[in-house]
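**Q** To start, I am sharing the structure in question, which I have written as structure tokens.
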Amino acid sequence: MKEKKKKFTLSQKHNATGWAFLTPAALLIVIMSFVPMVKALILSFKTGVGANMKWAGLYNYARMFQDSVFRQSLFNNFFYLIIQVPIMLVLALVLASMLNNKNLRCEGLFRTMIFLPCATSLVSYAIIFRSLFAVDGFVNTVLIKMGILNTGYNFLGHPWSARIIIIIALVWRWTGYNMVFYLSGLQNIEYSVYEAAKIDGASPFQTFWKITVPLLKPTILLTTIMSTNGTLQLFDESVNLTNGGPANATITMSHYIYNMSFKYVPNFGYSAAMSYLILILVAVLAFVQMKVGDKRD
Amino acid sequence: MKRKLLSAVLSVAMMATLLVGCGNSKAPAADAPAGDTAAKQEAAPAGDAEAAPAAEGGNTLTVWCWDPAFNINAMKEAEKVYQKDHPDFTLNVIETPWQDIQTKLTTAATSGQLDTLPDIFLMQDNAFQKNVISYPDAFADLTATGIDFTQFAEAKAAYSVVDGKNYGVPFDNGAVVAAYRTDILEQAGFTVDDFTDITWSEYLEKGKVVLEKTGKPLLSCQAGESDVICMMLQSAGGSFFDAEGNPAMTDNDKLKEVMNVYSELVKAGVLVEVNDWDQYVGTLNNETVAGTINGCWIMASIQSAEDQSGKWAITNMPKLENVDGATNYSNNGGSSWAVTSNCKNLELAADFLGSTFGGSTELYDNIISTGALATYLPAGSSDAYAAPSEFFSGDAVSKKITEFAGKTPSNNTGVYYYEARDAVAVAITNVVAGADIDSELQVAQDTVSFAMGQ
Amino acid sequence: MTRKIRNFGMYFFLTVVSLLSVFPLYWMAVAATNKSVDVIRGTLIPGTYLVENFKNLLSLAKVGPAMTNSFKYAIVCTLASLLVCSLAGYGFEIYHDKIKDGVMSIILLAMMVPFAATMIPLFQMFSSAHLLNSTLGFILPSISTPFLIMMFRQSARSFPHDIIEAARIDGLSEIGIFFKMFFPTMRSTYAAAMTITFMNAWNNYLWPKVIMMDENSITMPMLIANLTEGYTTDYGSLMLGVFLCTIPTVIIFFLLQKSFAEGITGAVK
């Protein structure tokens, strides 16, 4: 270490160390993500069936605007994004700050139980949600007994109720997951800050908004970008809960891209072009979120 | 203390991983065999699946198929039959779900890595045209290999014929059966004979009576799927496409009639739509419906409710009226064996398939207990097929279904079959919700035309 | 008085949320003890068919090898991923400058393309490199993830710079600071990252489904997919399989969550 010092200034040395730390990760990402991405980009300018592709310029990109199923899927994705992400993140934050309370009993049990949904396999959770909301399912039985409905309502058979069920399912599945990040973020805040606030007579509500939220800003930014990304690439719920139906009312962009590649006559050029639209949308949203939330102070 | 110990353990573990990672990257091949020693013992000549699952001219064939109780079992029985004359022969059957086979086939063919494919795999009949036309390089032409394709039900063999060439050996039967609960029909004053050789309008009228007297619909199906539509359409020899493969959903009398019948059935409550497959099977097992119409493979699900033994009976499906070529017979599902171009020993693969699935009634007798019914016509006349089924009211159902299969009109699936099915599913959903049939079919036609205009 | 009401409200809320969360797992456990036809009929009462389901499951699928594979892939992937990504996240934040911030933004782009689009080029690369059917092939694409890098970068932001300066004065090397200072301090972040990475690796399905061609390299999610294919599904055995597949993640979470609770206050002396 001492020998090295004579050649480099301290800041040069730190700079080099920084690069050494991040190179393995960056190199892996270049090979595993960027190389295939560039190949996919080239593909998005080609058209053809299966393996026989020919150059087509921007044709695939222009094609998207005439595709009514794609427009529907774009709308659905944004609907899920705007409604589901805020509800889920606020709920996760509230749960995390409740569970961070040192005086709470059985917090380990609560934590594990609330985390469980995201560990639960998609197979069982899809079956359960579908049967809960079936015409003769549990939810309808309860609503009829309470006198709210006269006959069972086909929740998954109508466009808006089916979309709302997808949102409920997403909130159910991912709230605990996000809560984990907030919990680990909360641990990086000194507990004494809360005790000081309590002594100053701050209400729990004030503590939450004045201390928890600002100090968790980096984590909130992280989860917002992740959730935005996850929602715009949503696939599992669309495939397993509603299969995109009724009449494509709940289909997502990724589901449509998957169909286009593996269910229908494969059109990889068009799939790649649609994927790049998702990339652009997520990148723009992430950029905006970073500008708003990512300041070192 | 505990904390320090934990972090020490973690750092050691992480360093170890890094080293393992390095070791791996230097010798990737060394890693694979560690996991598959068992495979080596079972099927030695198959070699590293990584390099080439296909046998290098030896006596082993690699097969992908998906259902242990059904087609995997059939393949293993076929191996036994073939081994009688060819003691050196072995099969390496790898369980792979159909979805995965489709994904792997697409990935391998698109990236030009055809050597990752097995020798033989099972393919859904509906996907045959699409895959052979999209990836002609991936398949072996079986026309001139000595397999007698005339021994199969004509409609069935047609699925795997592209440009007059045979690319598949037919396997299981998807002949449509109408299954009814005889006890429920009895409450409404009917027997199963009242539902044999009938038309859809008779079905509708009788269905209304059953609904009124017992409160149970005659039929259930999955919303958002077009299985019932496709079965009705094929029963009259109709298709979503014309002979040139262009979409023909508008000005299609048969399709329009089918849409009409379907929406009337739903409106009358004789047909109930449920949201997914599990609920559909549930309606059968829970006695919420008085019957069903589907490919004969549905009988396995019906029979899982053992307490209903003797209460079910099988007959043919209703036929359309006012259209030419209407019959009481159709097809739903079913699959065929494809041989890949990666097969190093095409002669062996063809001889194996030809003398088992395409030549051995013994094989079909052995697998009939699993519900695998032949489309190989000579199998239908064997004694095993004439045996009565206690569950289905003592009827010789196997023989009956083989006869149905022989009478089924063939189906012009076309390359864009899945696109058309989905587009029609959207149309029927909207029609049931009150939209106009003609304009919805126009939309469906446009959707498929759009997909075809690459 | 108001505090009591508030406490009661909090426990009530947490209990309701917990029960809602746990219900599907309960249903799954119940289903695993019932006959297939009763599962379809929607029973909520534990049955007596567990042993039969277990026998059926073992006869239908190779549970042992699939479990072993899943553990092998998930553990190797998690450890490698934590090391590579935490180093990078730390490097990006502690030594940050304009160029490195720029590199970070570019890296973030990598998580924004749906996997369906890059899968085919990636398969081509792995097939030419003879990495199909191997552990390395399974883990390589998921070792370095923008998400984990970003997570560690964000948490390094709350790592006090005074500690670094003090350690440097004490003569600790930069890598030494990372392992001896950052690593123990950020234990709750590592615990969270470990849970998430393990879960993702364990549940990874699309990629192994493409590269694993050999029956002996399949994972638990692939095994479950095998069970759902076919004309009839044995729901009892399926749910038992699903249940077995869920347990490891739950255990990992339960064990690691203690680290979320201990946190930084105990760690920095």
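Convention: chains lettered A, B, ... in structure tokens order; per-chain residue numbering from 1; ligands numbered from 1 as shown.
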Check which residues of chain B sit at most 7 Å from chain A using only C-alpha atoms, and return one row each with the closest pair of atoms and their distance in Å to one decimal, ordered by chain and rising number, as a Markdown table.

**A**
| residue | atom | partner | partner_atom | distance |
| --- | --- | --- | --- | --- |
| B:Gln102 | CA | A:Phe262 | CA | 6.9 |
| B:Thr103 | CA | A:Phe262 | CA | 6.1 |
| B:Thr106 | CA | A:Phe262 | CA | 7.0 |
| B:Ala109 | CA | A:Ala51 | CA | 6.8 |
| B:Thr110 | CA | A:Ala51 | CA | 4.8 |
| B:Lys130 | CA | A:Val265 | CA | 6.2 |
| B:Ser134 | CA | A:Gly50 | CA | 4.9 |
| B:Tyr135 | CA | A:Gly50 | CA | 6.3 |
| B:Gly224 | CA | A:Pro246 | CA | 6.1 |
| B:Asn275 | CA | A:Leu156 | CA | 6.8 |
| B:Tyr416 | CA | A:Val265 | CA | 6.3 |
| B:Tyr418 | CA | A:Tyr264 | CA | 5.7 |
| B:Glu419 | CA | A:Tyr264 | CA | 6.0 |
| B:Val426 | CA | A:Ala247 | CA | 4.2 |
| B:Thr429 | CA | A:Ala247 | CA | 6.1 |
| B:Gln454 | CA | A:Gly48 | CA | 6.1 |

**Q** If we count only C-alpha atoms, which residues of chain A reach to within 6 Å of chain C? Please list them as an MDAnalysis selection string.

**A** chainID A and resid 18 21:22 25 32:33 36:37 113:114 117 120 184 187:188 218 272 279

**Q** Output as JSON, numbers by chain all residues of region 28-194 of chain C that backbone DSSP marks as helix (DSSP H, G or I).

**A** {"C": [28, 29, 30, 31, 36, 37, 38, 39, 40, 50, 51, 52, 53, 54, 55, 56, 57, 58, 59, 60, 63, 64, 65, 66, 67, 68, 69, 70, 71, 72, 73, 74, 75, 76, 77, 78, 79, 80, 81, 82, 83, 84, 85, 86, 87, 88, 89, 90, 91, 92, 93, 94, 98, 99, 100, 101, 102, 103, 104, 105, 106, 107, 108, 109, 115, 116, 117, 118, 119, 120, 121, 122, 123, 124, 125, 126, 127, 128, 135, 136, 137, 138, 139, 140, 141, 142, 143, 146, 147, 148, 149, 150, 151, 152, 153, 154, 155, 156, 161, 162, 163, 164, 165, 166, 167, 168, 169, 174, 175, 176, 177, 178, 179, 180, 181, 182, 183, 184, 185, 187, 188, 189, 190, 191, 192, 193, 194]}

**Q** Identify all residues of region 253-343 of chain B in strand (DSSP E or B) (DSSP on the backbone) and supply them as a PyMOL selection string.

**A** chain B and resi 271-274+291-295+312-315+319+331+335-340

**Q** Write out as a PyMOL selection string every residue belonging to chain C that has an atom at most 9 Å from any atom of chain B, counting only C-alpha atoms.

**A** chain C and resi 36-38+40-42+60-61+65+69+76-77+79-80+82-84+119-121+123-124+127-137+179+183-184+187+209-217+222+225-233+267

**Q** Near Leu58 (chain A), within 10 Å and counting only C-alpha atoms, which residues show up once chain neighbours fewer than 6 positions away are dropped, as number ranges by chain?

**A** A: 44-46, 273

**Q** Fewer than 3 positions away in the same chain doesn't count, so skip those; otherwise give me all residues within 6 Å of region 367-377 of chain B, counting only C-alpha atoms, as a PyMOL selection string.

**A** chain B and resi 151-153+172-173+364+380

**Q** Choose the residue, out of A:Gly152, A:Val282, A:Pro159, A:Met98, that has the smallest atom-to-atom separation from Phe110 (chain A); count only C-alpha atoms.

**A** A:Met98

**Q** Grab the CA of Ala223 (chain B) to CA of Asp276 (chain B) distance for me, in Å with one decimal place.

**A** 7.3 Å

**Q** Can you measure CA of Leu185 (chain B) to CA of Gln222 (chain B) for me? One decimal in Å is fine.

**A**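 A separation of 22.8 Å between them.
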
**Q** What is the CA of Leu143 (chain A)-CA of Leu170 (chain A) distance in Å, reported with one decimal?

**A**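 Distance reported for this atom pair: 22.2 Å.
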
**Q** Using only C-alpha atoms, which residues sit within 12 Å of Val213 (chain A) once same-chain residues fewer than 3 positions away are excluded, as a list in words?

**A**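 Within the cut-off, the hits are Leu89, Val90, Leu93, Val94, Ala96, Ser97, Tyr182, Gly185, Leu186, Ile189, Phe205, Gln206, Thr207, Phe208, Trp209, Lys210, Leu216, Lys217, Pro218, Thr219, Ile220, Leu221 and Gly293 of chain A.
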
**Q** Put those residues in a file: N, CA and C atoms, as a JSON list (two decimals), in the first residue's frame.

**A**
[["chain", "number", "residue", "atom", "x", "y", "z"],
["A", 89, "LEU", "N", -47.25, 1.23, -1.92],
["A", 89, "LEU", "CA", -46.09, 1.79, -1.24],
["A", 89, "LEU", "C", -46.49, 2.46, 0.07],
["A", 90, "VAL", "N", -47.62, 3.17, 0.07],
["A", 90, "VAL", "CA", -48.06, 3.81, 1.32],
["A", 90, "VAL", "C", -48.37, 2.75, 2.36],
["A", 93, "LEU", "N", -45.23, 1.26, 3.74],
["A", 93, "LEU", "CA", -44.53, 2.20, 4.61],
["A", 93, "LEU", "C", -45.20, 2.25, 5.98],
["A", 94, "VAL", "N", -46.54, 2.28, 5.97],
["A", 94, "VAL", "CA", -47.27, 2.31, 7.23],
["A", 94, "VAL", "C", -46.99, 1.05, 8.03],
["A", 96, "ALA", "N", -44.43, -0.96, 7.79],
["A", 96, "ALA", "CA", -43.04, -1.01, 8.23],
["A", 96, "ALA", "C", -42.83, -0.14, 9.45],
["A", 97, "SER", "N", -43.42, 1.06, 9.47],
["A", 97, "SER", "CA", -43.16, 1.91, 10.64],
["A", 97, "SER", "C", -43.89, 1.38, 11.87],
["A", 182, "TYR", "N", -38.33, -1.17, 3.41],
["A", 182, "TYR", "CA", -38.51, -0.07, 4.36],
["A", 182, "TYR", "C", -38.00, -0.46, 5.73],
["A", 185, "GLY", "N", -34.39, -0.22, 5.68],
["A", 185, "GLY", "CA", -34.03, 1.19, 5.62],
["A", 185, "GLY", "C", -34.21, 1.86, 6.97],
["A", 186, "LEU", "N", -35.29, 1.50, 7.67],
["A", 186, "LEU", "CA", -35.56, 2.09, 8.98],
["A", 186, "LEU", "C", -34.46, 1.75, 9.98],
["A", 189, "ILE", "N", -31.79, 4.22, 10.47],
["A", 189, "ILE", "CA", -32.10, 5.46, 11.19],
["A", 189, "ILE", "C", -31.94, 5.19, 12.69],
["A", 205, "PHE", "N", -48.38, 10.46, 13.84],
["A", 205, "PHE", "CA", -48.60, 10.90, 12.47],
["A", 205, "PHE", "C", -47.52, 11.89, 12.05],
["A", 206, "GLN", "N", -47.23, 12.85, 12.96],
["A", 206, "GLN", "CA", -46.17, 13.84, 12.67],
["A", 206, "GLN", "C", -44.82, 13.16, 12.52],
["A", 207, "THR", "N", -44.53, 12.22, 13.44],
["A", 207, "THR", "CA", -43.25, 11.50, 13.37],
["A", 207, "THR", "C", -43.10, 10.82, 12.02],
["A", 208, "PHE", "N", -44.20, 10.20, 11.58],
["A", 208, "PHE", "CA", -44.19, 9.47, 10.32],
["A", 208, "PHE", "C", -43.82, 10.39, 9.15],
["A", 209, "TRP", "N", -44.52, 11.55, 9.08],
["A", 209, "TRP", "CA", -44.30, 12.43, 7.93],
["A", 209, "TRP", "C", -43.03, 13.26, 8.05],
["A", 210, "LYS", "N", -42.69, 13.67, 9.28],
["A", 210, "LYS", "CA", -41.56, 14.57, 9.45],
["A", 210, "LYS", "C", -40.23, 13.85, 9.57],
["A", 216, "LEU", "N", -36.26, 8.07, 4.92],
["A", 216, "LEU", "CA", -36.33, 6.87, 4.08],
["A", 216, "LEU", "C", -36.32, 7.23, 2.60],
["A", 217, "LYS", "N", -36.10, 8.50, 2.28],
["A", 217, "LYS", "CA", -36.23, 8.93, 0.88],
["A", 217, "LYS", "C", -35.46, 8.06, -0.11],
["A", 218, "PRO", "N", -34.19, 7.71, 0.20],
["A", 218, "PRO", "CA", -33.48, 6.85, -0.77],
["A", 218, "PRO", "C", -34.20, 5.52, -1.00],
["A", 219, "THR", "N", -34.70, 4.92, 0.07],
["A", 219, "THR", "CA", -35.39, 3.64, -0.07],
["A", 219, "THR", "C", -36.71, 3.80, -0.82],
["A", 220, "ILE", "N", -37.41, 4.90, -0.51],
["A", 220, "ILE", "CA", -38.68, 5.14, -1.20],
["A", 220, "ILE", "C", -38.43, 5.30, -2.70],
["A", 221, "LEU", "N", -37.37, 6.01, -3.02],
["A", 221, "LEU", "CA", -37.02, 6.18, -4.44],
["A", 221, "LEU", "C", -36.75, 4.82, -5.08],
["A", 293, "GLY", "N", -36.29, 12.71, -6.67],
["A", 293, "GLY", "CA", -35.95, 12.11, -5.38],
["A", 293, "GLY", "C", -34.48, 11.91, -5.07]]
